[in-house]
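Source file: target-v4.cif. Holds: mmCIF, C-alpha atoms.
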```
data_target
#
loop_
_atom_site.label_atom_id
_atom_site.label_comp_id
_atom_site.auth_asym_id
_atom_site.auth_seq_id
_atom_site.Cartn_x
_atom_site.Cartn_y
_atom_site.Cartn_z
CA MET I 9 12.07 -63.28 -17.70
CA ARG I 10 10.99 -66.73 -18.67
CA LEU I 11 7.42 -65.59 -19.09
CA LEU I 12 8.50 -62.72 -21.31
CA CYS I 13 10.59 -65.07 -23.41
CA CYS I 14 7.81 -67.54 -23.85
CA LEU I 15 5.03 -65.15 -24.69
CA PRO I 16 6.06 -64.44 -28.27
CA LEU I 17 6.58 -68.10 -28.95
CA LEU I 18 3.14 -68.88 -27.64
CA ALA I 19 1.70 -66.16 -29.77
CA ALA I 20 3.55 -67.57 -32.72
CA ALA I 21 2.27 -71.05 -31.97
CA ALA I 22 -1.29 -69.72 -31.90
CA ALA I 23 -0.75 -68.13 -35.24
CA THR I 24 0.53 -71.21 -36.99
CA VAL I 25 -2.73 -71.93 -38.70
CA HIS I 26 -2.64 -69.08 -41.10
CA ALA I 27 1.06 -68.30 -41.25
CA SER I 28 3.62 -69.41 -43.71
CA ALA I 29 6.70 -71.25 -42.57
CA LEU I 30 10.28 -69.97 -42.26
CA THR I 31 13.44 -71.55 -43.52
CA ILE I 32 17.00 -70.58 -44.19
CA GLN I 33 19.01 -70.36 -47.31
CA ASN I 34 22.60 -69.76 -48.31
CA ALA I 35 23.70 -71.42 -45.12
CA ARG I 36 27.44 -71.78 -45.08
CA PHE I 37 29.94 -72.78 -42.48
CA THR I 38 33.67 -72.21 -42.39
CA ILE I 39 36.11 -73.85 -40.03
CA SER I 40 39.42 -72.07 -39.67
CA SER I 41 42.31 -72.78 -37.42
CA SER I 42 43.87 -70.29 -35.05
CA ASP I 43 46.35 -69.06 -37.67
CA ALA I 44 43.39 -68.19 -39.95
CA THR I 45 43.92 -71.03 -42.45
CA GLN I 46 40.66 -72.43 -43.71
CA LEU I 47 40.25 -76.07 -42.87
CA ARG I 48 36.80 -76.65 -44.27
CA SER I 49 34.21 -74.48 -45.91
CA GLU I 50 30.95 -75.91 -47.18
CA GLN I 51 27.40 -75.10 -48.07
CA LEU I 52 24.82 -76.43 -45.64
CA SER I 53 21.74 -78.02 -47.09
CA LEU I 54 18.76 -78.72 -44.90
CA ASP I 55 17.28 -81.24 -47.28
CA SER I 56 19.82 -83.96 -46.89
CA THR I 57 18.64 -86.77 -44.70
CA SER I 58 21.85 -87.23 -42.78
CA LEU I 59 23.24 -84.24 -40.92
CA PRO I 60 26.77 -83.25 -41.80
CA SER I 61 29.25 -83.81 -39.01
CA LEU I 62 31.80 -81.16 -38.29
CA SER I 63 34.73 -81.32 -35.95
CA LEU I 64 36.46 -78.45 -34.22
CA GLY I 65 39.86 -78.44 -32.57
CA SER I 66 40.50 -76.74 -29.30
CA THR I 67 41.65 -73.51 -30.99
CA ASP I 68 39.58 -73.64 -34.17
CA THR I 69 36.84 -71.22 -35.09
CA LEU I 70 33.51 -72.05 -36.67
CA LYS I 71 31.79 -69.36 -38.70
CA LEU I 72 28.20 -69.85 -39.71
CA THR I 73 26.28 -67.54 -42.04
CA PHE I 74 22.72 -67.93 -43.26
CA GLN I 75 19.67 -65.96 -44.30
CA VAL I 76 16.22 -66.46 -42.85
CA VAL I 77 13.59 -66.43 -45.58
CA GLU I 78 9.93 -67.29 -46.02
CA LYS I 79 9.49 -70.75 -47.41
CA ASP I 80 7.29 -69.54 -50.29
CA GLY I 81 8.57 -66.41 -51.90
CA GLY I 82 12.13 -66.34 -50.56
CA LYS I 83 11.89 -62.90 -49.05
CA GLY I 84 14.31 -62.16 -46.24
CA VAL I 85 12.63 -62.02 -42.83
CA GLN I 86 13.87 -60.85 -39.46
CA PRO I 87 12.36 -63.28 -36.96
CA HIS I 88 11.64 -62.02 -33.51
CA GLN I 89 13.64 -64.75 -31.92
CA THR I 90 16.59 -66.66 -33.31
CA PHE I 91 18.51 -69.15 -31.32
CA LEU I 92 21.14 -71.75 -31.91
CA ARG I 93 20.52 -74.76 -29.69
CA PHE I 94 23.37 -77.03 -28.65
CA GLU I 95 22.39 -80.38 -27.24
CA ALA I 96 24.66 -83.05 -25.89
CA ASN I 97 24.08 -85.89 -23.41
CA GLY I 98 20.75 -84.47 -22.31
CA GLU I 99 22.26 -81.08 -21.55
CA GLU I 100 21.44 -78.14 -23.73
CA GLY I 101 22.62 -74.63 -24.26
CA VAL I 102 20.87 -71.87 -26.18
CA GLN I 103 22.71 -69.03 -27.86
CA PRO I 104 20.83 -66.02 -29.27
CA VAL I 105 21.82 -65.00 -32.79
CA ARG I 106 21.55 -61.47 -34.11
CA VAL I 107 19.67 -61.26 -37.40
CA THR I 108 19.58 -58.19 -39.63
CA SER I 109 16.32 -56.77 -40.98
CA GLY I 110 17.09 -58.47 -44.28
CA GLY I 111 17.25 -61.83 -42.52
CA LYS I 112 21.00 -62.26 -42.71
CA ALA I 113 22.72 -63.75 -39.70
CA LYS I 114 26.24 -64.50 -38.71
CA PHE I 115 27.46 -66.66 -35.87
CA GLU I 116 30.95 -67.36 -34.74
CA LEU I 117 32.09 -70.06 -32.34
CA ASN I 118 35.65 -69.68 -31.17
CA MET I 119 36.73 -72.74 -29.26
CA ALA I 120 39.61 -70.84 -27.67
CA LYS I 121 36.92 -68.78 -25.90
CA PRO I 122 33.82 -70.97 -25.86
CA PRO I 123 30.56 -69.20 -25.02
CA THR I 124 28.96 -69.95 -21.68
CA SER I 125 25.90 -71.28 -23.42
CA LEU I 126 27.84 -74.28 -24.68
CA PRO I 127 26.81 -77.31 -22.62
CA PRO I 128 29.39 -79.56 -21.01
CA THR I 129 30.61 -81.97 -23.66
CA SER I 130 32.03 -85.44 -23.69
CA THR I 131 33.32 -87.43 -26.66
CA SER I 132 29.91 -87.65 -28.29
CA PRO I 133 29.12 -84.84 -30.73
CA VAL I 134 26.89 -81.86 -30.02
CA GLN I 135 23.67 -81.61 -32.02
CA VAL I 136 23.21 -78.06 -33.30
CA SER I 137 19.82 -76.82 -34.41
CA LEU I 138 18.31 -73.45 -35.21
CA LEU I 139 15.17 -72.19 -33.49
CA LEU I 140 13.15 -69.47 -35.17
CA GLY I 141 10.17 -67.70 -33.60
CA SER I 142 8.03 -65.02 -35.17
CA TYR I 143 4.61 -63.43 -34.73
CA LYS I 144 3.68 -63.76 -38.35
CA HIS I 145 5.12 -67.15 -39.16
CA SER I 146 4.91 -70.59 -37.72
CA PRO I 147 7.88 -71.44 -35.50
CA ALA I 148 10.64 -73.54 -36.93
CA SER I 149 13.24 -75.85 -35.48
CA LEU I 150 15.83 -76.75 -38.06
CA PRO I 151 18.52 -79.32 -37.34
CA LEU I 152 21.77 -77.99 -38.81
CA PHE I 153 24.67 -80.32 -38.14
CA SER I 154 26.39 -82.36 -35.50
CA LEU I 155 29.54 -80.87 -34.11
CA SER I 156 32.45 -82.73 -32.55
CA ILE I 157 34.29 -80.49 -30.14
CA PRO I 158 36.95 -81.29 -27.57
CA PRO I 159 35.41 -82.64 -24.39
CA SER I 160 35.13 -80.19 -21.58
CA ALA I 161 36.73 -81.07 -18.27
CA PRO I 162 34.91 -84.15 -17.07
CA VAL I 163 32.80 -83.80 -13.99
CA SER I 164 34.20 -86.66 -12.01
CA PRO I 165 31.76 -88.40 -9.68
CA ASP I 166 34.42 -88.21 -6.96
CA SER I 167 34.09 -84.47 -6.52
CA PHE I 168 30.92 -84.87 -4.50
CA ALA I 169 31.95 -88.04 -2.72
CA PRO I 170 32.55 -87.84 1.03
CA LEU I 171 36.11 -86.94 1.85
CA PRO I 172 38.16 -89.21 4.07
CA GLU I 173 37.35 -88.77 7.70
CA ILE I 174 39.29 -86.07 9.50
CA THR I 175 41.32 -87.57 12.28
CA HIS I 176 42.80 -85.27 14.85
CA THR I 177 46.34 -85.96 15.87
CA PHE I 178 47.21 -84.95 19.38
CA ARG I 179 50.59 -84.43 20.86
CA PRO I 180 51.73 -87.67 22.43
CA GLU I 181 51.28 -87.88 26.16
CA GLN I 182 54.39 -86.57 27.85
CA LYS I 183 56.29 -89.12 29.79
CA VAL I 184 57.48 -88.88 33.33
CA PRO I 185 61.16 -89.84 33.43
CA PRO I 186 62.16 -93.07 35.17
CA LYS I 187 61.84 -93.17 38.93
CA PHE I 188 65.58 -93.34 39.44
CA VAL I 189 66.28 -90.17 37.44
CA SER I 190 63.46 -88.36 39.23
CA ALA I 191 64.85 -89.42 42.58
CA VAL I 192 68.39 -88.31 41.71
CA PHE I 193 67.24 -84.89 40.56
CA SER I 194 64.94 -84.52 43.55
CA ALA I 195 67.99 -85.06 45.73
CA ILE I 196 69.96 -82.53 43.67
CA VAL I 197 67.19 -79.95 43.96
CA ILE I 198 66.88 -80.53 47.70
CA ALA I 199 70.66 -80.48 48.22
CA PRO I 200 70.87 -76.64 48.33
CA TRP I 201 68.74 -76.76 51.49
CA VAL I 202 71.55 -78.69 53.12
CA VAL I 203 74.01 -76.06 51.94
CA LEU I 204 71.78 -73.29 53.26
CA LEU I 205 71.25 -74.87 56.65
CA GLY I 206 74.94 -75.77 56.89
CA LEU I 207 76.03 -72.21 56.12
CA TRP I 208 73.52 -70.77 58.54
CA SER I 209 74.61 -73.13 61.27
CA THR I 210 78.25 -72.13 60.80
CA LEU I 211 77.26 -68.49 61.05
CA ARG I 212 75.55 -69.02 64.41
CA TYR I 213 73.66 -65.79 63.95
CA SER I 214 71.50 -65.14 66.96
CA THR I 215 68.03 -63.64 66.72
CA PRO I 216 67.39 -62.47 70.26
CA HIS I 217 64.20 -60.57 69.45
CA LEU I 218 62.48 -63.24 67.36
CA PHE I 219 60.17 -64.35 70.16
CA SER I 220 59.65 -60.95 71.71
CA PRO I 221 56.00 -59.84 71.81
CA HIS I 222 56.76 -57.06 69.33
CA VAL I 223 58.20 -59.21 66.58
CA LEU I 224 56.48 -62.55 66.97
CA PRO I 225 53.06 -61.39 65.61
CA PHE I 226 54.72 -60.04 62.46
CA VAL I 227 56.73 -63.20 61.83
CA SER I 228 53.72 -65.39 62.48
CA SER I 229 51.53 -63.34 60.14
CA LEU I 230 54.20 -63.68 57.42
CA ALA I 231 54.19 -67.42 58.08
CA ALA I 232 50.40 -67.33 57.93
CA PHE I 233 50.66 -65.72 54.50
CA GLU I 234 52.84 -68.55 53.25
CA GLY I 235 50.44 -71.02 54.82
CA LEU I 236 47.54 -69.30 53.09
CA LEU I 237 49.32 -69.60 49.73
CA LEU I 238 50.00 -73.28 50.40
CA TRP I 239 46.32 -73.72 51.22
CA TYR I 240 45.49 -71.91 47.97
CA TRP I 241 47.59 -74.41 46.06
CA ILE I 242 45.88 -77.34 47.69
CA ASP I 243 42.28 -76.29 47.97
CA LEU I 244 41.20 -72.65 47.86
CA LYS I 245 39.70 -70.61 45.04
CA LEU I 246 41.19 -67.34 43.89
CA GLY I 247 38.42 -65.19 45.35
CA GLN I 248 38.74 -66.76 48.78
CA VAL I 249 42.52 -66.25 48.72
CA LEU I 250 42.10 -62.60 47.82
CA LEU I 251 39.58 -62.11 50.63
CA TYR I 252 41.64 -63.90 53.29
CA GLY I 253 44.80 -62.30 51.92
CA ALA I 254 43.26 -58.83 52.28
CA LEU I 255 42.29 -59.51 55.88
CA LEU I 256 45.65 -61.07 56.69
CA GLY I 257 47.39 -58.22 54.90
CA LEU I 258 45.67 -55.72 57.17
CA VAL I 259 46.85 -57.65 60.22
CA THR I 260 50.34 -57.97 58.77
CA VAL I 261 50.59 -54.27 58.08
CA LEU I 262 49.71 -53.47 61.71
CA THR I 263 51.99 -56.09 63.24
CA GLY I 264 54.75 -55.21 60.78
CA LYS I 265 54.55 -51.54 61.68
CA GLN I 266 54.83 -52.45 65.34
CA ALA I 267 57.63 -54.97 64.87
CA LEU I 268 59.74 -52.91 62.50
CA GLY I 269 59.18 -49.83 64.60
CA ALA I 270 60.49 -51.72 67.61
CA ALA I 271 63.41 -53.04 65.54
CA GLY I 272 64.25 -49.52 64.46
CA ASP I 273 64.17 -48.36 68.05
CA TRP I 274 66.53 -51.16 69.07
CA ARG I 275 68.87 -50.30 66.22
CA VAL I 276 68.93 -46.60 67.02
CA GLY I 277 69.30 -47.34 70.71
CA LYS I 278 72.20 -49.67 69.99
CA LYS I 279 73.92 -46.98 68.00
CA GLN I 280 73.39 -44.37 70.65
CA SER I 281 74.66 -46.53 73.48
CA MET Q 23 77.25 -59.63 46.65
CA ALA Q 24 80.91 -59.78 45.83
CA GLY Q 25 81.58 -62.52 48.34
CA PRO Q 26 79.60 -65.53 47.12
CA LYS Q 27 80.06 -64.64 43.47
CA ALA Q 28 83.81 -64.50 43.79
CA SER Q 29 83.96 -67.65 45.83
CA THR Q 30 81.85 -69.72 43.44
CA ALA Q 31 83.50 -68.32 40.36
CA ALA Q 32 86.96 -68.78 41.75
CA SER Q 33 86.61 -72.48 42.40
CA LYS Q 34 86.86 -73.28 38.69
CA PRO Q 35 89.43 -71.06 36.95
CA ALA Q 36 91.87 -71.13 39.82
CA SER Q 37 94.37 -73.02 37.66
CA SER Q 38 96.35 -70.57 35.58
CA ALA Q 39 95.33 -66.98 35.12
CA VAL Q 40 94.18 -66.16 38.62
CA ASP Q 41 96.61 -65.84 41.42
CA PRO Q 42 95.45 -68.17 44.21
CA ASN Q 43 96.75 -65.72 46.76
CA ALA Q 44 94.36 -63.08 45.54
CA ILE Q 45 91.42 -65.42 45.95
CA HIS Q 46 92.64 -66.39 49.37
CA SER Q 47 92.94 -62.83 50.49
CA LEU Q 48 89.56 -61.98 49.00
CA TRP Q 49 87.90 -64.85 50.82
CA LYS Q 50 89.69 -63.94 54.03
CA ALA Q 51 88.65 -60.32 53.73
CA TYR Q 52 85.07 -61.37 53.07
CA ASN Q 53 85.04 -63.63 56.06
CA ASP Q 54 86.57 -61.06 58.33
CA THR Q 55 84.85 -57.86 57.35
CA THR Q 56 81.35 -58.86 56.31
CA PRO Q 57 78.73 -58.53 59.03
CA SER Q 58 77.16 -61.83 59.92
CA ARG Q 59 73.65 -60.69 58.98
CA LEU Q 60 74.93 -60.03 55.45
CA LYS Q 61 76.54 -63.47 55.46
CA LEU Q 62 73.11 -64.83 56.37
CA ILE Q 63 71.67 -63.15 53.29
CA ASP Q 64 74.63 -64.29 51.17
CA SER Q 65 74.16 -67.90 52.11
CA PHE Q 66 70.48 -67.57 51.21
CA LEU Q 67 71.52 -66.16 47.83
CA VAL Q 68 73.87 -69.09 47.27
CA PHE Q 69 71.05 -71.44 48.15
CA LEU Q 70 68.71 -69.76 45.67
CA MET Q 71 71.34 -69.85 42.94
CA LEU Q 72 72.12 -73.52 43.48
CA SER Q 73 68.48 -74.63 43.51
CA GLY Q 74 67.74 -72.51 40.43
CA ILE Q 75 70.66 -74.08 38.60
CA ALA Q 76 69.55 -77.57 39.63
CA GLN Q 77 66.03 -77.00 38.33
CA PHE Q 78 67.31 -75.49 35.10
CA LEU Q 79 69.62 -78.46 34.55
CA TYR Q 80 66.70 -80.82 35.11
CA CYS Q 81 64.64 -78.88 32.56
CA ILE Q 82 67.41 -78.98 29.97
CA LEU Q 83 68.77 -82.47 30.49
CA ILE Q 84 65.76 -84.57 31.42
CA THR Q 85 62.40 -83.07 30.60
CA ASN Q 86 60.37 -79.93 30.97
CA PHE Q 87 57.23 -82.01 31.32
CA PRO Q 88 55.36 -80.28 34.10
CA PHE Q 89 56.39 -77.02 32.51
CA ASN Q 90 54.22 -74.96 34.85
CA ALA Q 91 56.00 -76.51 37.80
CA PHE Q 92 59.36 -75.68 36.25
CA LEU Q 93 58.23 -72.12 35.64
CA ALA Q 94 57.05 -71.82 39.23
CA GLY Q 95 60.20 -73.27 40.73
CA PHE Q 96 62.69 -71.48 38.54
CA GLY Q 97 60.76 -68.23 38.61
CA SER Q 98 60.54 -68.28 42.38
CA CYS Q 99 64.31 -68.84 42.59
CA VAL Q 100 65.12 -66.00 40.21
CA GLY Q 101 62.55 -63.62 41.69
CA GLN Q 102 63.55 -64.35 45.25
CA PHE Q 103 67.19 -63.88 44.27
CA VAL Q 104 66.44 -60.45 42.86
CA LEU Q 105 64.42 -59.42 45.91
CA THR Q 106 67.05 -60.71 48.32
CA ALA Q 107 69.86 -59.05 46.42
CA SER Q 108 68.07 -55.72 46.57
CA LEU Q 109 67.44 -56.25 50.27
CA ARG Q 110 71.14 -56.91 50.73
CA THR Q 111 72.20 -53.76 48.91
CA GLN Q 112 69.77 -51.70 50.96
CA VAL Q 113 70.71 -53.04 54.38
CA ASN Q 114 74.45 -53.07 53.70
CA PRO Q 115 75.96 -50.49 56.08
CA GLU Q 116 78.48 -49.50 53.40
CA ASN Q 117 75.67 -48.40 51.11
CA ARG Q 118 74.16 -46.22 53.79
CA GLY Q 119 75.07 -43.12 51.83
CA GLU Q 120 73.11 -44.21 48.77
CA PHE Q 121 69.95 -45.22 50.60
CA LYS Q 122 69.61 -42.40 53.09
CA ASP Q 123 65.82 -42.47 52.92
CA VAL Q 124 65.50 -46.23 53.21
CA SER Q 125 65.92 -47.60 56.68
CA PRO Q 126 66.74 -51.32 57.02
CA GLU Q 127 63.26 -51.85 58.46
CA ARG Q 128 61.68 -50.22 55.43
CA ALA Q 129 63.87 -52.41 53.20
CA PHE Q 130 62.73 -55.49 55.04
CA ALA Q 131 59.08 -54.47 54.75
CA ASP Q 132 59.54 -54.03 51.00
CA PHE Q 133 61.24 -57.40 50.85
CA ALA Q 134 58.40 -59.09 52.71
CA LEU Q 135 55.72 -57.48 50.56
CA GLY Q 136 57.59 -58.30 47.34
CA SER Q 137 58.12 -61.88 48.47
CA ILE Q 138 54.45 -62.37 49.28
CA VAL Q 139 53.38 -61.03 45.88
CA LEU Q 140 55.99 -63.18 44.15
CA HIS Q 141 54.90 -66.27 46.03
CA PHE Q 142 51.28 -65.58 45.16
CA PHE Q 143 52.12 -65.60 41.45
CA VAL Q 144 54.36 -68.60 41.80
CA PHE Q 145 51.66 -70.61 43.53
CA ASN Q 146 49.34 -69.74 40.68
CA PHE Q 147 51.79 -71.39 38.31
CA LEU Q 148 52.16 -74.53 40.39
CA GLY Q 149 48.91 -75.86 39.00
#
```
Could you render the structure as structure tokens?
Amino acid sequence: MRLLCCLPLLAAAAATVHASALTIQNARFTISSSDATQLRSEQLSLDSTSLPSLSLGSTDTLKLTFQVVEKDGGKGVQPHQTFLRFEANGEEGVQPVRVTSGGKAKFELNMAKPPTSLPPTSTSPVQVSLLLGSYKHSPASLPLFSLSIPPSAPVSPDSFAPLPEITHTFRPEQKVPPKFVSAVFSAIVIAPWVVLLGLWSTLRYSTPHLFSPHVLPFVSSLAAFEGLLLWYWIDLKLGQVLLYGALLGLVTVLTGKQALGAAGDWRVGKKQS
Amino acid sequence: MAGPKASTAASKPASSAVDPNAIHSLWKAYNDTTPSRLKLIDSFLVFLMLSGIAQFLYCILITNFPFNAFLAGFGSCVGQFVLTASLRTQVNPENRGEFKDVSPERAFADFALGSIVLHFFVFNFLG
């Protein structure tokens, strides 16, 4: 793209020796406010030593009309390239301008919808100049005027500054209640054991078959299961518990079948007798 | 099931609405007619209820700090209560008609298996 843009200009520069220069005439600008009242309307003259300064409000519109002509002869020319160049604070923006075959051009700058080519502005005015490029004529850069427009939103240096360090806030460490409270509630939680043992002792329920060879293996394998789970809590890994539990489960199933079968026989026998 | 529930519930509202004689006769009937093996189970149920209540009170009033331990303790109480209650309904001679296929031995085997599985999960929570 850039190469394509530059080629004609280079060609034009090479042709400067024999070409005549370009200039503009009948340049006129009009500043109107948003309700279409004309605020200022003047002829632009390139000859004056000091550039006219214009100022635009945030909703005003600038209209610029001119005609590109040859310097000697005054015939209207359509240059191959026509740009308006805005320059402010070292930043520049270039806006192409459409020119008719007769050389007439019109440009409108509406500050309510500023073009993207407008550079970021501060309080200092924007220098506006016209760039003309043509195969047959020497290129021209014509300063037009300086333009005061409302400053764009300032790029504050803070926006790229490091942000304050992120500090993670964790939940405060949970406190263990005082020893006394813990002790009291430990006693309360253990107290039901006393109730249980007291009730069982008043019942005086006898288990005559508990230590018989049929039942004891089943009870002890159930106890072994609880012991295995206790061991799991203290030390073991899950896989080990599942392995040992499977083995113990096999044993428990066999002993349980034997024990409960015997218990069923006792029960049925008791009923029959 | 009716025995311990009635006895614990009756201790509080005995003042006005409930006839104390009714509670007395209920308690007497429970004592006289319930088989002692069911009383054994009932006392275990009372124990589970009391320890569950104690742990829940601790969690509400003081702190739930080792929450996994609370979950393990309370969950084991509730789960064991459910298992024991179902064991009691199945071995109760008066419910014989409803559980024709389930012998008391079968009920106890189910209870043991369920308890072991429950305790396995509970020990996982203990941390």
Quiz item: Mind telling me what the PyMOL selection byres ((chain Q) within 7 of (chain I)) catches here, as a list in words?
Solution: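 Evaluating the PyMOL selection byres ((chain Q) within 7 of (chain I)) on this file yields Ser58, Leu62, Ser65, Phe66, Phe69, Leu72, Ser73, Ala76, Gln77, Tyr80, Phe87, Glu127, Phe142 and Phe145 of chain Q.
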Tell me, counting only C-alpha atoms, for each residue of range 84-171 of chain I within 10 Å of range 30-49 of chain I, which pair of atoms is nearest and how far apart they are in Å to one decimal, in rows ordered by chain and increasing number, as a tab-separated table.
```
residue	atom	partner	partner_atom	distance
I:Gly84	CA	I:Ile32	CA	9.1
I:Val85	CA	I:Leu30	CA	8.3
I:Pro87	CA	I:Leu30	CA	8.8
I:Gly111	CA	I:Ile32	CA	8.9
I:Lys112	CA	I:Ile32	CA	9.3
I:Ala113	CA	I:Ala35	CA	9.4
I:Lys114	CA	I:Arg36	CA	9.7
I:Phe115	CA	I:Phe37	CA	9.3
I:Glu116	CA	I:Thr38	CA	9.5
I:Leu117	CA	I:Ile39	CA	9.5
I:Asn118	CA	I:Ser42	CA	9.1
I:Met119	CA	I:Ser42	CA	9.5
I:Ala120	CA	I:Ser42	CA	8.5
I:Leu138	CA	I:Ile32	CA	9.5
I:Leu140	CA	I:Leu30	CA	7.7
I:Gly141	CA	I:Leu30	CA	9.0
I:Ser142	CA	I:Leu30	CA	8.9
I:Lys144	CA	I:Leu30	CA	9.9
I:His145	CA	I:Leu30	CA	6.6
I:Ser146	CA	I:Leu30	CA	7.1
I:Pro147	CA	I:Leu30	CA	7.3
I:Ala148	CA	I:Leu30	CA	6.4
I:Ser149	CA	I:Thr31	CA	9.1
I:Leu150	CA	I:Thr31	CA	7.9
I:Leu152	CA	I:Ala35	CA	9.3
```
Take the residues that were just selected and, keeping C-alpha atoms, output them as a tab-separated table (two decimals), in the frame of the given file.
```tsv
chain	number	residue	atom	x	y	z
I	84	GLY	CA	14.31	-62.16	-46.24
I	85	VAL	CA	12.63	-62.02	-42.83
I	87	PRO	CA	12.36	-63.28	-36.96
I	111	GLY	CA	17.25	-61.83	-42.52
I	112	LYS	CA	21.00	-62.26	-42.71
I	113	ALA	CA	22.72	-63.75	-39.70
I	114	LYS	CA	26.24	-64.50	-38.71
I	115	PHE	CA	27.46	-66.66	-35.87
I	116	GLU	CA	30.95	-67.36	-34.74
I	117	LEU	CA	32.09	-70.06	-32.34
I	118	ASN	CA	35.65	-69.68	-31.17
I	119	MET	CA	36.73	-72.74	-29.26
I	120	ALA	CA	39.61	-70.84	-27.67
I	138	LEU	CA	18.31	-73.45	-35.21
I	140	LEU	CA	13.15	-69.47	-35.17
I	141	GLY	CA	10.17	-67.70	-33.60
I	142	SER	CA	8.03	-65.02	-35.17
I	144	LYS	CA	3.68	-63.76	-38.35
I	145	HIS	CA	5.12	-67.15	-39.16
I	146	SER	CA	4.91	-70.59	-37.72
I	147	PRO	CA	7.88	-71.44	-35.50
I	148	ALA	CA	10.64	-73.54	-36.93
I	149	SER	CA	13.24	-75.85	-35.48
I	150	LEU	CA	15.83	-76.75	-38.06
I	152	LEU	CA	21.77	-77.99	-38.81
```
Quiz item: Can you tell me how far CA of Ile84 in chain Q sits from CA of Phe96 in chain Q, in Å to one decimal?
Solution: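 CA of Ile84 in chain Q sits 15.2 Å away from CA of Phe96 in chain Q.
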Self-check item: Output of the PyMOL selection byres ((chain Q and resi 149) around 12), listed as a list in words
Solution: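 When the PyMOL selection byres ((chain Q and resi 149) around 12) is applied to the shown file, the picked residues are Leu238, Tyr240, Trp241, Ile242 and Asp243 of chain I; Pro88, Phe89, Asn90, Ala91, Phe92, Leu93, Ala94, Gly95, Phe143, Val144, Phe145, Asn146, Phe147 and Leu148 of chain Q.
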Can you sort out the box for range 31-34 of chain I, edges along x, y and z, all listed atoms in, 8 Å on every side, with centre and edge lengths in Å to one decimal, as lines of an AutoDock Vina configuration file?
```
center_x = 18.0
center_y = -70.7
center_z = -45.9
size_x = 25.2
size_y = 17.8
size_z = 20.8
```
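Taking CA of Gln266 in chain I and CA of His222 in chain I as the two end points, the separation is 6.4 Å.
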Exercise. Select, from Q:Asp41, Q:Ser108, Q:Ala51, Q:Gly97, the residue with the minimum atom-to-atom distance to Leu67 in chain Q, counting only C-alpha atoms.
Key: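 Result for the nearest residue to Leu67 in chain Q: Q:Ser108.
Atom pair CA of Ile75 in chain Q / CA of Phe130 in chain Q has a distance of 26.1 Å (rounded to one decimal).
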Quiz prompt | Contacts of Val113 in chain Q at 7 Å (all atoms listed in the file; same-chain gap of 4+ positions) as a PyMOL selection string | solution = chain Q and resi 109+126+129
Quiz item: Between I:Thr175, I:Gln135, I:Gln248, I:Ser229, which has the minimum distance to Ser61 in chain I (counting only C-alpha atoms)?
Solution: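 Checking each candidate against Ser61 in chain I, we get I:Gln135 as the closest.
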Give as a PDB file with C-alpha atoms, keeping the file's coordinate frame the set of residues within 12 Å of the point (68.3, -57.6, 43.7), where distances use the file's coordinates and all atoms listed in the file.
```
ATOM      1  CA  MET Q  23      77.250 -59.630  46.650  1.00  0.00           C
ATOM      2  CA  ILE Q  63      71.670 -63.150  53.290  1.00  0.00           C
ATOM      3  CA  ASP Q  64      74.630 -64.290  51.170  1.00  0.00           C
ATOM      4  CA  LEU Q  67      71.520 -66.160  47.830  1.00  0.00           C
ATOM      5  CA  CYS Q  99      64.310 -68.840  42.590  1.00  0.00           C
ATOM      6  CA  VAL Q 100      65.120 -66.000  40.210  1.00  0.00           C
ATOM      7  CA  GLY Q 101      62.550 -63.620  41.690  1.00  0.00           C
ATOM      8  CA  GLN Q 102      63.550 -64.350  45.250  1.00  0.00           C
ATOM      9  CA  PHE Q 103      67.190 -63.880  44.270  1.00  0.00           C
ATOM     10  CA  VAL Q 104      66.440 -60.450  42.860  1.00  0.00           C
ATOM     11  CA  LEU Q 105      64.420 -59.420  45.910  1.00  0.00           C
ATOM     12  CA  THR Q 106      67.050 -60.710  48.320  1.00  0.00           C
ATOM     13  CA  ALA Q 107      69.860 -59.050  46.420  1.00  0.00           C
ATOM     14  CA  SER Q 108      68.070 -55.720  46.570  1.00  0.00           C
ATOM     15  CA  LEU Q 109      67.440 -56.250  50.270  1.00  0.00           C
ATOM     16  CA  ARG Q 110      71.140 -56.910  50.730  1.00  0.00           C
ATOM     17  CA  THR Q 111      72.200 -53.760  48.910  1.00  0.00           C
ATOM     18  CA  GLN Q 112      69.770 -51.700  50.960  1.00  0.00           C
ATOM     19  CA  VAL Q 113      70.710 -53.040  54.380  1.00  0.00           C
ATOM     20  CA  ALA Q 129      63.870 -52.410  53.200  1.00  0.00           C
ATOM     21  CA  ASP Q 132      59.540 -54.030  51.000  1.00  0.00           C
ATOM     22  CA  PHE Q 133      61.240 -57.400  50.850  1.00  0.00           C
ATOM     23  CA  GLY Q 136      57.590 -58.300  47.340  1.00  0.00           C
TER      24      GLY Q 136
END
```
Self-check item: Residue IDs satisfying the PyMOL selection byres ((chain I and resi 157) around 7), as a ChimeraX atom specification
Solution: /I:63-65,133,155-156,158-159
